[in-house]
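The file data-v7.pdb comes next; it holds PDB, C-alpha atoms.
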```
ATOM      1  CA  MET A   1     190.897  95.702  98.547
ATOM      2  CA  ALA A   2     187.228  94.886  98.940
ATOM      3  CA  SER A   3     185.776  92.140  96.834
ATOM      4  CA  GLU A   4     182.103  91.505  96.372
ATOM      5  CA  TYR A   5     180.935  87.949  96.110
ATOM      6  CA  LYS A   6     178.221  87.004  93.691
ATOM      7  CA  ARG A   7     175.258  85.597  95.627
ATOM      8  CA  LEU A   8     172.681  83.110  94.412
ATOM      9  CA  TYR A   9     169.111  84.135  95.195
ATOM     10  CA  ARG A  10     165.693  82.957  94.099
ATOM     11  CA  SER A  11     164.294  85.559  91.740
ATOM     12  CA  ARG A  12     161.400  87.785  92.795
ATOM     13  CA  ASP A  13     160.848  89.220  89.305
ATOM     14  CA  ASP A  14     161.312  86.191  87.046
ATOM     15  CA  SER A  15     159.569  83.360  88.854
ATOM     16  CA  MET A  16     157.046  80.796  87.698
ATOM     17  CA  ILE A  17     156.916  78.551  90.776
ATOM     18  CA  ALA A  18     159.479  79.587  93.383
ATOM     19  CA  GLY A  19     162.034  81.609  91.395
ATOM     20  CA  VAL A  20     164.760  78.957  91.394
ATOM     21  CA  CYS A  21     165.291  78.864  87.611
ATOM     22  CA  GLY A  22     165.022  82.657  87.367
ATOM     23  CA  GLY A  23     167.639  83.024  90.095
ATOM     24  CA  LEU A  24     169.979  80.565  88.401
ATOM     25  CA  GLY A  25     169.556  82.464  85.146
ATOM     26  CA  GLU A  26     170.461  85.744  86.847
ATOM     27  CA  TYR A  27     173.442  84.153  88.610
ATOM     28  CA  PHE A  28     174.910  82.621  85.447
ATOM     29  CA  ALA A  29     173.820  85.575  83.261
ATOM     30  CA  ILE A  30     171.838  83.449  80.828
ATOM     31  CA  ASP A  31     168.198  83.370  79.817
ATOM     32  CA  PRO A  32     166.115  81.604  82.526
ATOM     33  CA  THR A  33     164.203  79.838  79.746
ATOM     34  CA  VAL A  34     167.341  77.796  79.042
ATOM     35  CA  ILE A  35     167.481  76.782  82.717
ATOM     36  CA  ARG A  36     163.779  75.898  82.657
ATOM     37  CA  LEU A  37     164.219  73.753  79.539
ATOM     38  CA  ALA A  38     167.164  71.964  81.161
ATOM     39  CA  ALA A  39     165.010  71.345  84.239
ATOM     40  CA  VAL A  40     162.241  69.857  82.088
ATOM     41  CA  VAL A  41     164.722  67.597  80.275
ATOM     42  CA  GLY A  42     166.175  66.551  83.636
ATOM     43  CA  GLY A  43     162.652  65.875  84.856
ATOM     44  CA  LEU A  44     161.987  63.632  81.883
ATOM     45  CA  ILE A  45     165.229  61.707  82.425
ATOM     46  CA  ASN A  46     164.961  61.300  86.214
ATOM     47  CA  PRO A  47     161.754  62.803  87.667
ATOM     48  CA  PRO A  48     162.390  62.047  91.379
ATOM     49  CA  LEU A  49     165.869  63.593  91.273
ATOM     50  CA  ALA A  50     164.662  66.689  89.423
ATOM     51  CA  VAL A  51     161.801  67.280  91.870
ATOM     52  CA  LEU A  52     164.104  66.689  94.849
ATOM     53  CA  ALA A  53     166.758  69.074  93.493
ATOM     54  CA  TYR A  54     164.187  71.814  92.824
ATOM     55  CA  PHE A  55     162.564  71.343  96.235
ATOM     56  CA  LEU A  56     165.941  71.480  98.019
ATOM     57  CA  MET A  57     166.964  74.635  96.149
ATOM     58  CA  MET A  58     163.590  76.167  96.993
ATOM     59  CA  ILE A  59     164.357  75.593 100.695
ATOM     60  CA  VAL A  60     168.105  76.323 100.781
ATOM     61  CA  VAL A  61     168.476  79.273  98.382
ATOM     62  CA  PRO A  62     167.163  82.514  99.922
ATOM     63  CA  GLN A  63     164.781  84.784  98.071
ATOM     64  CA  ALA A  64     166.311  87.953  96.614
ATOM     65  CA  PRO A  65     166.170  90.918  98.970
ATOM     66  CA  LEU A  66     163.674  93.649  98.262
ATOM     67  CA  ALA A  67     165.005  96.529  96.155
ATOM     68  CA  GLU A  68     164.244  99.065  98.902
ATOM     69  CA  LEU A  69     166.435  97.192 101.374
ATOM     70  CA  THR A  70     169.428  96.878  99.075
ATOM     71  CA  GLU A  71     169.534 100.586  98.150
ATOM     72  CA  GLU A  72     170.245 101.753 101.713
TER
END
```
Can I see the file as structure tokens?
Amino acid sequence: MASEYKRLYRSRDDSMIAGVCGGLGEYFAIDPTVIRLAAVVGGLINPPLAVLAYFLMMIVVPQAPLAELTEE
């Protein structure tokens, strides 16, 4: 019984800065605009933490593979 794990990637298609919010939206199957609004609210509440969290996710979360590579 093979099970596929859902992977978190930074989005290539839906990215404004680095694709973190777009990738989270794809992973949780919600509109990335909701994630972006939550990030803005978090940035207003605690700017250093929000910037640090985004920067860390930008480094740690890999970018989505190219479509040509995943079809093989």
Expand the PyMOL selection byres ((chain A and resi 3-10) around 9) into the explicit residue set it covers here, and present it as number ranges by chain.
A: 1-2, 11-12, 14-15, 18-24, 26-27, 57-58, 61-65
Out of A:Val60, A:Leu44, A:Val51, A:Ala38, which residue has the shortest atom-to-atom distance to A:Gly25 when counting only C-alpha atoms?
A:Ala38
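Computed from the coordinates, the atom CA of A:Ala50 to atom CA of A:Arg36 distance equals 11.5 Å.
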For stretch 21-42 of chain A, supply N, CA and C atoms and format the output as a PDB file, keeping the file's coordinate frame.
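Result file follows (rebuild28.pdb):
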```pdb
ATOM      1  N   CYS A  21     164.711  78.788  88.965  1.00  0.00           N
ATOM      2  CA  CYS A  21     165.291  78.864  87.611  1.00  0.00           C
ATOM      3  C   CYS A  21     165.610  80.310  87.230  1.00  0.00           C
ATOM      4  N   GLY A  22     164.755  81.243  87.623  1.00  0.00           N
ATOM      5  CA  GLY A  22     165.022  82.657  87.367  1.00  0.00           C
ATOM      6  C   GLY A  22     166.274  83.125  88.097  1.00  0.00           C
ATOM      7  N   GLY A  23     166.448  82.676  89.329  1.00  0.00           N
ATOM      8  CA  GLY A  23     167.639  83.024  90.095  1.00  0.00           C
ATOM      9  C   GLY A  23     168.901  82.430  89.511  1.00  0.00           C
ATOM     10  N   LEU A  24     168.816  81.184  89.048  1.00  0.00           N
ATOM     11  CA  LEU A  24     169.979  80.565  88.401  1.00  0.00           C
ATOM     12  C   LEU A  24     170.332  81.290  87.114  1.00  0.00           C
ATOM     13  N   GLY A  25     169.310  81.710  86.373  1.00  0.00           N
ATOM     14  CA  GLY A  25     169.556  82.464  85.146  1.00  0.00           C
ATOM     15  C   GLY A  25     170.245  83.788  85.422  1.00  0.00           C
ATOM     16  N   GLU A  26     169.815  84.483  86.470  1.00  0.00           N
ATOM     17  CA  GLU A  26     170.461  85.744  86.847  1.00  0.00           C
ATOM     18  C   GLU A  26     171.898  85.506  87.310  1.00  0.00           C
ATOM     19  N   TYR A  27     172.113  84.447  88.080  1.00  0.00           N
ATOM     20  CA  TYR A  27     173.442  84.153  88.610  1.00  0.00           C
ATOM     21  C   TYR A  27     174.440  83.839  87.502  1.00  0.00           C
ATOM     22  N   PHE A  28     174.017  83.010  86.533  1.00  0.00           N
ATOM     23  CA  PHE A  28     174.910  82.621  85.447  1.00  0.00           C
ATOM     24  C   PHE A  28     174.812  83.541  84.238  1.00  0.00           C
ATOM     25  N   ALA A  29     173.990  84.574  84.319  1.00  0.00           N
ATOM     26  CA  ALA A  29     173.820  85.575  83.261  1.00  0.00           C
ATOM     27  C   ALA A  29     173.394  84.945  81.934  1.00  0.00           C
ATOM     28  N   ILE A  30     172.430  84.029  82.031  1.00  0.00           N
ATOM     29  CA  ILE A  30     171.838  83.449  80.828  1.00  0.00           C
ATOM     30  C   ILE A  30     170.317  83.533  80.951  1.00  0.00           C
ATOM     31  N   ASP A  31     169.653  83.299  79.852  1.00  0.00           N
ATOM     32  CA  ASP A  31     168.198  83.370  79.817  1.00  0.00           C
ATOM     33  C   ASP A  31     167.606  82.273  80.709  1.00  0.00           C
ATOM     34  N   PRO A  32     166.719  82.617  81.648  1.00  0.00           N
ATOM     35  CA  PRO A  32     166.115  81.604  82.526  1.00  0.00           C
ATOM     36  C   PRO A  32     165.336  80.537  81.766  1.00  0.00           C
ATOM     37  N   THR A  33     164.910  80.834  80.541  1.00  0.00           N
ATOM     38  CA  THR A  33     164.203  79.838  79.746  1.00  0.00           C
ATOM     39  C   THR A  33     165.105  78.640  79.453  1.00  0.00           C
ATOM     40  N   VAL A  34     166.384  78.883  79.271  1.00  0.00           N
ATOM     41  CA  VAL A  34     167.341  77.796  79.042  1.00  0.00           C
ATOM     42  C   VAL A  34     167.416  76.911  80.286  1.00  0.00           C
ATOM     43  N   ILE A  35     167.453  77.533  81.456  1.00  0.00           N
ATOM     44  CA  ILE A  35     167.481  76.782  82.717  1.00  0.00           C
ATOM     45  C   ILE A  35     166.193  75.977  82.867  1.00  0.00           C
ATOM     46  N   ARG A  36     165.064  76.595  82.545  1.00  0.00           N
ATOM     47  CA  ARG A  36     163.779  75.898  82.657  1.00  0.00           C
ATOM     48  C   ARG A  36     163.703  74.698  81.708  1.00  0.00           C
ATOM     49  N   LEU A  37     164.200  74.869  80.489  1.00  0.00           N
ATOM     50  CA  LEU A  37     164.219  73.753  79.539  1.00  0.00           C
ATOM     51  C   LEU A  37     165.129  72.628  80.035  1.00  0.00           C
ATOM     52  N   ALA A  38     166.262  72.974  80.599  1.00  0.00           N
ATOM     53  CA  ALA A  38     167.164  71.964  81.161  1.00  0.00           C
ATOM     54  C   ALA A  38     166.492  71.243  82.332  1.00  0.00           C
ATOM     55  N   ALA A  39     165.719  71.965  83.130  1.00  0.00           N
ATOM     56  CA  ALA A  39     165.010  71.345  84.239  1.00  0.00           C
ATOM     57  C   ALA A  39     163.940  70.381  83.735  1.00  0.00           C
ATOM     58  N   VAL A  40     163.255  70.749  82.672  1.00  0.00           N
ATOM     59  CA  VAL A  40     162.241  69.857  82.088  1.00  0.00           C
ATOM     60  C   VAL A  40     162.901  68.598  81.531  1.00  0.00           C
ATOM     61  N   VAL A  41     164.009  68.762  80.815  1.00  0.00           N
ATOM     62  CA  VAL A  41     164.722  67.597  80.275  1.00  0.00           C
ATOM     63  C   VAL A  41     165.211  66.711  81.417  1.00  0.00           C
ATOM     64  N   GLY A  42     165.753  67.322  82.464  1.00  0.00           N
ATOM     65  CA  GLY A  42     166.175  66.551  83.636  1.00  0.00           C
ATOM     66  C   GLY A  42     165.007  65.842  84.294  1.00  0.00           C
TER      67      GLY A  42
END
```
